[in-house]
>>> print(open('query_2.tsv').read())   # TSV, C-alpha atoms
chain	number	residue	atom	x	y	z
A	156	MET	CA	96.27	117.22	90.62
A	157	ASN	CA	97.12	120.91	90.91
A	158	PHE	CA	100.33	121.59	92.82
A	159	SER	CA	100.21	125.37	92.61
A	160	ALA	CA	97.97	125.87	95.63
A	161	GLY	CA	100.06	125.19	98.71
A	162	ALA	CA	102.10	122.29	99.97
A	163	ALA	CA	100.69	119.06	101.26
A	164	GLU	CA	101.13	119.15	105.04
A	165	THR	CA	99.66	115.76	105.82
A	166	PHE	CA	98.95	112.46	104.12
A	167	ILE	CA	95.68	112.36	102.20
A	168	LEU	CA	94.17	110.13	99.55
A	169	ALA	CA	93.09	111.48	96.18
A	170	ASP	CA	89.38	112.12	95.66
A	171	ALA	CA	89.22	109.23	93.17
A	172	ALA	CA	90.57	106.84	95.81
A	173	LEU	CA	88.16	108.08	98.47
A	174	ALA	CA	85.26	107.74	96.06
A	175	ALA	CA	86.30	104.13	95.41
A	176	GLY	CA	86.14	103.36	99.13
A	177	TYR	CA	89.80	103.42	100.10
A	178	GLN	CA	90.75	104.32	103.68
A	179	LEU	CA	93.97	105.70	105.16
A	180	HIS	CA	95.73	105.16	108.51
A	181	VAL	CA	98.92	107.14	109.23
A	182	PHE	CA	101.57	106.36	111.85
A	183	GLN	CA	104.59	108.36	112.93
A	184	THR	CA	106.79	105.30	113.44
A	185	ILE	CA	105.94	101.66	112.89
A	186	GLY	CA	107.80	98.39	112.54
A	187	SER	CA	106.59	97.53	109.04
A	188	THR	CA	103.65	98.97	107.12
A	189	ASN	CA	103.17	95.58	105.40
A	190	ASP	CA	102.90	93.82	108.77
A	191	ALA	CA	100.46	96.46	110.03
A	192	ALA	CA	98.35	95.99	106.90
A	193	PHE	CA	98.09	92.24	107.54
A	194	ASP	CA	97.09	93.01	111.13
A	195	ALA	CA	94.35	95.24	109.74
A	196	ALA	CA	93.23	92.42	107.44
A	197	ARG	CA	92.70	90.13	110.42
A	198	ASP	CA	90.56	92.87	111.94
A	199	GLY	CA	88.31	92.93	108.88
A	200	ALA	CA	89.79	95.84	106.92
A	201	ASP	CA	89.93	96.07	103.11
A	202	ARG	CA	91.06	98.72	100.61
A	203	THR	CA	93.16	100.25	103.35
A	204	TRP	CA	96.36	102.26	103.09
A	205	ILE	CA	98.85	102.05	105.98
A	206	VAL	CA	101.44	104.86	105.90
A	207	ALA	CA	104.33	105.61	108.26
A	208	ARG	CA	106.75	108.50	108.43
A	209	ALA	CA	109.46	106.04	109.52
A	210	GLN	CA	109.83	102.26	109.86
A	211	THR	CA	112.02	100.32	112.26
A	212	SER	CA	111.72	96.96	110.47
A	213	GLY	CA	111.08	97.84	106.85
A	214	ARG	CA	111.84	95.08	104.36
A	215	GLY	CA	112.17	94.50	100.65
A	216	ARG	CA	112.13	91.34	98.57
A	217	HIS	CA	113.75	88.19	100.00
A	218	GLY	CA	113.61	89.72	103.49
A	219	ARG	CA	116.21	92.36	102.68
A	220	GLN	CA	116.28	95.36	104.99
A	221	TRP	CA	114.66	98.54	103.65
A	222	GLN	CA	116.23	101.61	105.23
A	223	SER	CA	113.39	103.85	106.40
A	224	PRO	CA	114.44	107.29	107.68
A	225	PRO	CA	111.86	110.10	107.93
A	226	GLY	CA	111.14	112.03	104.75
A	227	ASN	CA	110.56	109.15	102.37
A	228	LEU	CA	107.32	107.34	101.57
A	229	TYR	CA	106.55	104.06	103.31
A	230	ALA	CA	103.06	102.92	102.37
A	231	SER	CA	101.21	99.61	102.10
A	232	LEU	CA	97.87	98.91	100.47
A	233	LEU	CA	95.69	96.06	101.76
A	234	LEU	CA	93.33	94.36	99.32
A	235	ILE	CA	91.01	91.45	100.16
A	236	ASP	CA	90.05	88.96	97.43
A	237	ALA	CA	91.13	91.41	94.74
A	238	VAL	CA	92.51	88.55	92.64
A	239	GLU	CA	92.83	84.78	92.76
A	240	PRO	CA	95.96	83.77	94.72
A	241	ARG	CA	97.68	82.50	91.56
A	242	SER	CA	97.19	85.94	89.95
A	243	ALA	CA	98.65	87.92	92.85
A	244	PRO	CA	101.91	88.67	90.96
A	245	GLN	CA	99.85	90.71	88.48
A	246	LEU	CA	99.22	93.23	91.25
A	247	GLY	CA	102.94	93.99	91.25
A	248	PHE	CA	102.67	95.18	87.66
A	249	VAL	CA	99.59	97.26	88.49
A	250	ALA	CA	101.57	98.81	91.33
A	251	GLY	CA	104.62	99.46	89.15
A	252	VAL	CA	102.58	101.21	86.48
A	253	ALA	CA	100.69	103.25	89.09
A	254	LEU	CA	103.81	104.42	90.90
A	255	ALA	CA	105.65	105.22	87.67
A	256	ARG	CA	102.72	107.26	86.38
A	257	ALA	CA	102.40	109.10	89.71
A	258	LEU	CA	106.09	110.00	89.67
A	259	GLN	CA	105.99	111.05	86.03
A	260	ILE	CA	103.34	113.63	86.90
A	261	LEU	CA	105.96	115.30	89.09
A	262	MET	CA	108.73	115.30	86.48
A	263	SER	CA	109.35	117.72	83.61
A	264	ASP	CA	110.85	114.83	81.58
A	265	VAL	CA	108.69	111.74	82.04
A	266	SER	CA	111.18	109.55	80.17
A	267	ARG	CA	113.49	109.66	83.21
A	268	ILE	CA	111.10	107.35	85.11
A	269	ARG	CA	111.12	103.67	84.14
A	270	VAL	CA	109.98	100.38	85.65
A	271	LYS	CA	112.42	97.51	86.12
A	272	TRP	CA	111.21	93.93	86.26
A	273	PRO	CA	109.78	92.82	88.53
A	274	ASN	CA	109.32	95.54	91.15
A	275	ASP	CA	111.62	98.59	90.98
A	276	ILE	CA	111.18	102.15	89.77
A	277	LEU	CA	114.23	103.76	88.20
A	278	LEU	CA	115.18	107.40	87.82
A	279	ASP	CA	117.85	107.84	85.14
A	280	GLY	CA	118.73	104.18	85.69
A	281	ALA	CA	119.14	104.47	89.48
A	282	LYS	CA	116.72	102.90	91.94
A	283	LEU	CA	114.16	105.42	93.16
A	284	ALA	CA	111.54	103.08	94.62
A	285	GLY	CA	110.76	99.47	95.38
A	286	ILE	CA	107.55	97.47	95.58
A	287	LEU	CA	106.89	94.37	97.69
A	288	VAL	CA	103.78	92.23	97.10
A	289	GLU	CA	102.86	89.68	99.77
A	290	GLY	CA	99.80	87.43	100.02
A	291	ARG	CA	98.29	85.40	102.85
A	292	MET	CA	95.19	83.31	103.34
A	293	LEU	CA	93.11	84.50	106.28
A	294	SER	CA	91.39	82.21	108.77
A	295	ALA	CA	87.99	83.07	107.27
A	296	GLY	CA	89.15	81.81	103.87
A	297	ALA	CA	89.67	85.21	102.28
A	298	TYR	CA	92.90	86.04	100.46
A	299	ALA	CA	94.74	89.16	101.60
A	300	VAL	CA	97.32	90.89	99.41
A	301	VAL	CA	99.48	93.72	100.70
A	302	ILE	CA	101.39	95.92	98.25
A	303	GLY	CA	104.23	97.77	99.94
A	304	PHE	CA	105.79	100.89	98.43
A	305	GLY	CA	109.07	102.49	99.43
A	306	VAL	CA	109.97	105.71	97.61
A	307	ASN	CA	113.14	107.75	98.13
A	308	CYS	CA	111.58	111.20	98.31
A	309	GLN	CA	114.02	113.23	100.44
A	310	SER	CA	117.00	110.88	100.82
A	311	ARG	CA	118.57	107.73	99.41
A	312	PRO	CA	120.71	104.99	100.93
A	313	ALA	CA	124.43	105.51	100.39
A	314	ASP	CA	125.75	102.00	100.98
A	315	LEU	CA	124.00	99.95	98.31
A	316	PRO	CA	125.69	97.74	95.68
A	317	TYR	CA	123.79	99.61	92.96
A	318	PRO	CA	123.00	103.28	92.17
A	319	ALA	CA	120.12	104.87	94.07
A	320	ALA	CA	118.29	108.17	93.56
A	321	ALA	CA	116.02	110.54	95.51
A	322	LEU	CA	113.21	112.69	94.18
A	323	ALA	CA	114.56	115.74	96.01
A	324	GLU	CA	117.68	115.62	93.83
A	325	THR	CA	115.65	116.24	90.68
A	326	ASP	CA	113.68	119.11	89.19
A	327	ALA	CA	110.40	117.50	90.34
A	328	VAL	CA	107.68	120.09	90.83
A	329	ARG	CA	107.04	118.53	94.26
A	330	ASN	CA	109.06	115.91	96.12
A	331	LYS	CA	107.31	115.23	99.42
A	332	ALA	CA	106.07	111.81	100.46
A	333	GLU	CA	102.60	113.32	100.94
A	334	ASP	CA	102.48	114.43	97.31
A	335	VAL	CA	103.55	111.02	96.02
A	336	LEU	CA	100.93	109.18	98.09
A	337	ALA	CA	98.07	111.37	96.89
A	338	LEU	CA	98.99	110.78	93.26
A	339	LEU	CA	99.71	107.09	93.82
A	340	SER	CA	96.36	106.47	95.49
A	341	ALA	CA	94.55	107.78	92.41
A	342	GLU	CA	96.73	105.86	89.95
A	343	ILE	CA	96.43	102.53	91.73
A	344	ALA	CA	92.67	102.86	91.98
A	345	ARG	CA	92.65	103.43	88.21
A	346	GLY	CA	95.01	100.50	87.60
A	347	LEU	CA	92.97	98.07	89.68
A	348	HIS	CA	89.89	99.06	87.70
A	349	VAL	CA	91.78	98.37	84.47
A	350	LEU	CA	92.91	94.98	85.80
A	351	GLU	CA	89.28	93.97	86.26
A	352	GLN	CA	89.08	93.86	82.46
A	353	GLY	CA	92.10	91.55	82.26
A	354	PHE	CA	95.88	91.68	82.51
A	355	ASP	CA	96.54	92.56	78.84
A	356	ALA	CA	96.02	96.32	79.24
A	357	ILE	CA	98.23	96.48	82.35
A	358	ARG	CA	100.88	94.43	80.56
A	359	ALA	CA	100.87	96.88	77.63
A	360	GLU	CA	101.19	99.87	79.96
A	361	TRP	CA	104.00	98.20	81.88
A	362	LEU	CA	105.95	97.42	78.71
A	363	SER	CA	105.60	101.03	77.54
A	364	LEU	CA	107.38	102.08	80.77
A	365	ALA	CA	109.87	99.22	81.00
A	366	ALA	CA	113.63	99.63	81.16
A	367	GLY	CA	115.82	97.33	79.10
A	368	VAL	CA	113.37	95.83	76.62
A	369	GLY	CA	115.29	94.66	73.56
A	370	ALA	CA	118.63	95.09	75.33
A	371	PRO	CA	121.06	92.69	77.03
A	372	ILE	CA	120.27	91.76	80.64
A	373	LYS	CA	121.36	89.29	83.28
A	374	VAL	CA	118.86	87.56	85.56
A	375	ARG	CA	119.87	85.72	88.70
A	376	THR	CA	117.32	83.22	89.98
A	377	ALA	CA	117.48	80.98	93.04
A	378	THR	CA	119.00	78.16	90.96
A	379	ARG	CA	120.95	79.68	88.05
A	380	GLU	CA	121.93	82.77	86.11
A	381	PHE	CA	120.62	83.75	82.68
A	382	GLU	CA	122.26	86.20	80.29
A	383	GLY	CA	120.62	87.30	77.07
A	384	VAL	CA	118.17	89.79	75.58
A	385	PHE	CA	115.06	91.00	77.42
A	386	GLN	CA	112.31	90.35	74.89
A	387	SER	CA	109.10	91.09	76.80
A	388	ILE	CA	106.88	89.78	79.58
A	389	ASP	CA	104.33	87.08	78.87
A	390	ALA	CA	100.59	86.99	79.60
A	391	THR	CA	101.27	86.12	83.26
A	392	GLY	CA	104.10	88.62	83.84
A	393	ARG	CA	107.04	86.24	83.45
A	394	LEU	CA	110.18	87.80	81.97
A	395	LEU	CA	111.05	86.46	78.52
A	396	LEU	CA	114.81	86.28	77.99
A	397	THR	CA	116.39	84.98	74.79
A	398	GLU	CA	119.74	83.22	74.85
A	399	ALA	CA	121.51	81.43	72.02
A	400	ASN	CA	119.72	78.20	72.91
A	401	GLY	CA	116.23	79.67	73.02
A	402	THR	CA	113.83	81.79	75.07
A	403	HIS	CA	113.28	81.31	78.79
A	404	ALA	CA	110.21	82.40	80.79
A	405	ILE	CA	111.45	83.49	84.24
A	406	GLU	CA	109.02	83.76	87.14
A	407	ALA	CA	111.30	85.37	89.74
A	408	GLY	CA	114.81	86.75	89.88
A	409	ASP	CA	117.08	89.77	90.20
A	410	VAL	CA	117.73	91.71	87.00
A	411	VAL	CA	120.94	93.48	86.06
A	412	LEU	CA	120.49	95.74	83.05
A	413	GLY	CA	123.04	96.29	80.33
A	414	HIS	CA	124.81	92.92	80.45
>>> encode(input="query_2.tsv", output="structure tokens")
Amino acid sequence: MNFSAGAAETFILADAALAAGYQLHVFQTIGSTNDAAFDAARDGADRTWIVARAQTSGRGRHGRQWQSPPGNLYASLLLIDAVEPRSAPQLGFVAGVALARALQILMSDVSRIRVKWPNDILLDGAKLAGILVEGRMLSAGAYAVVIGFGVNCQSRPADLPYPAAALAETDAVRNKAEDVLALLSAEIARGLHVLEQGFDAIRAEWLSLAAGVGAPIKVRTATREFEGVFQSIDATGRLLLTEANGTHAIEAGDVVLGH
């Protein structure tokens, strides 16, 4: 995408996304773009982006609040029967690769953008964006997945227990939410097409972008804490962590790098 010809003044989808049948609905303020996407699913929508300039009830993983002031990107993508329910976590890796690639297009040094298992995007090790994947069975028997994206474009939260970053604080060629969405819509359409051939190619792309592979990490799950070396992710996306007593395949947890 050429950024030399004027600023994006409104949210649009990339031509590749429009050609693939994706639609876009934009709101000034909304409770949660993920909730609005599920509402759209019950009304028969599919391949639909819901975008808001601000959210009043934005959320991250485990129901955590996602601060949502104007200027950042709050976007959710609705997909119907895109994968089997048991494979829904794979869409999180598609989303991570797509968002990382979209952000790298804006950066002079692409190595500054990395993905963190399972659902964060890092800029120089600080959290730049988060991804929330939620799935629900609909009354008609279809399976709806909503992928929510929150990207710190113009501002970042100041009261977090970990470092955060904003795109506007970098040398990015463009840093508006509108620019990120246009690029993201093209990249996720590409990634979903790749996923149709199987998870292996997405897994390889994700690992090429991953932070912390081969280094010490700590993972806190709902039942215990692991500390060891981040080896890889397996064929289903589980994190493989090696401790002195062997390798563990972890399905869900919070990762702390460098421990």
>>> closest_residue(input="query_2.tsv", among="A:Ala175, A:Leu339, A:Val238, A:Leu232", to="Val288 (chain A)", atoms="only C-alpha atoms")
A:Leu232
>>> residues_around(input="query_2.tsv", residues="Pro244 (chain A)", least_positions_apart="4", cutoff="10 Å", atoms="only C-alpha atoms", output="number ranges by chain")
A: 238, 240, 248-249, 273, 288-290, 300, 391-393, 406
>>> atom_distance(input="query_2.tsv", atom1="CA of Ile260 (chain A)", atom2="CA of Gly367 (chain A)")
22.0 Å
>>> residues_around(input="query_2.tsv", residues="region 315-331 of chain A", least_positions_apart="4", cutoff="7 Å", atoms="all atoms listed in the file", output="list of chain:residue names")
A:Leu261, A:Met262, A:Ser263, A:Leu278, A:Ala281, A:Lys282, A:Leu283, A:Asn307, A:Cys308, A:Gln309, A:Ser310, A:Arg311, A:Val335
>>> closest_residue(input="query_2.tsv", among="A:Ala344, A:Ala284, A:Ala295, A:Ala207", to="Asp170 (chain A)", atoms="all atoms listed in the file")
A:Ala344
>>> closest_residue(input="query_2.tsv", among="A:Gly305, A:Gly401, A:Gly413, A:Gly369", to="Leu228 (chain A)", atoms="only C-alpha atoms")
A:Gly305
>>> residues_around(input="query_2.tsv", residues="Leu350 (chain A)", least_positions_apart="5", cutoff="9 Å", atoms="all atoms listed in the file", output="ChimeraX atom specification")
/A:245-246,249,345,355-357
>>> write_last_selection(input="query_2.tsv", atoms="C-alpha atoms", output="compact mmCIF listing (two decimals), keeping the file's coordinate frame")
# COMPACT_ATOMS: atom_id res chain seq x y z
CA GLN A 245 99.85 90.71 88.48
CA LEU A 246 99.22 93.23 91.25
CA VAL A 249 99.59 97.26 88.49
CA ARG A 345 92.65 103.43 88.21
CA ASP A 355 96.54 92.56 78.84
CA ALA A 356 96.02 96.32 79.24
CA ILE A 357 98.23 96.48 82.35
>>> closest_residue(input="query_2.tsv", among="A:Ala299, A:Ala390, A:Leu364, A:Val306", to="Glu333 (chain A)", atoms="all atoms listed in the file")
A:Val306
>>> closest_residue(input="query_2.tsv", among="A:Arg291, A:Gly251, A:Ser340, A:Thr397", to="Ile268 (chain A)", atoms="only C-alpha atoms")
A:Gly251
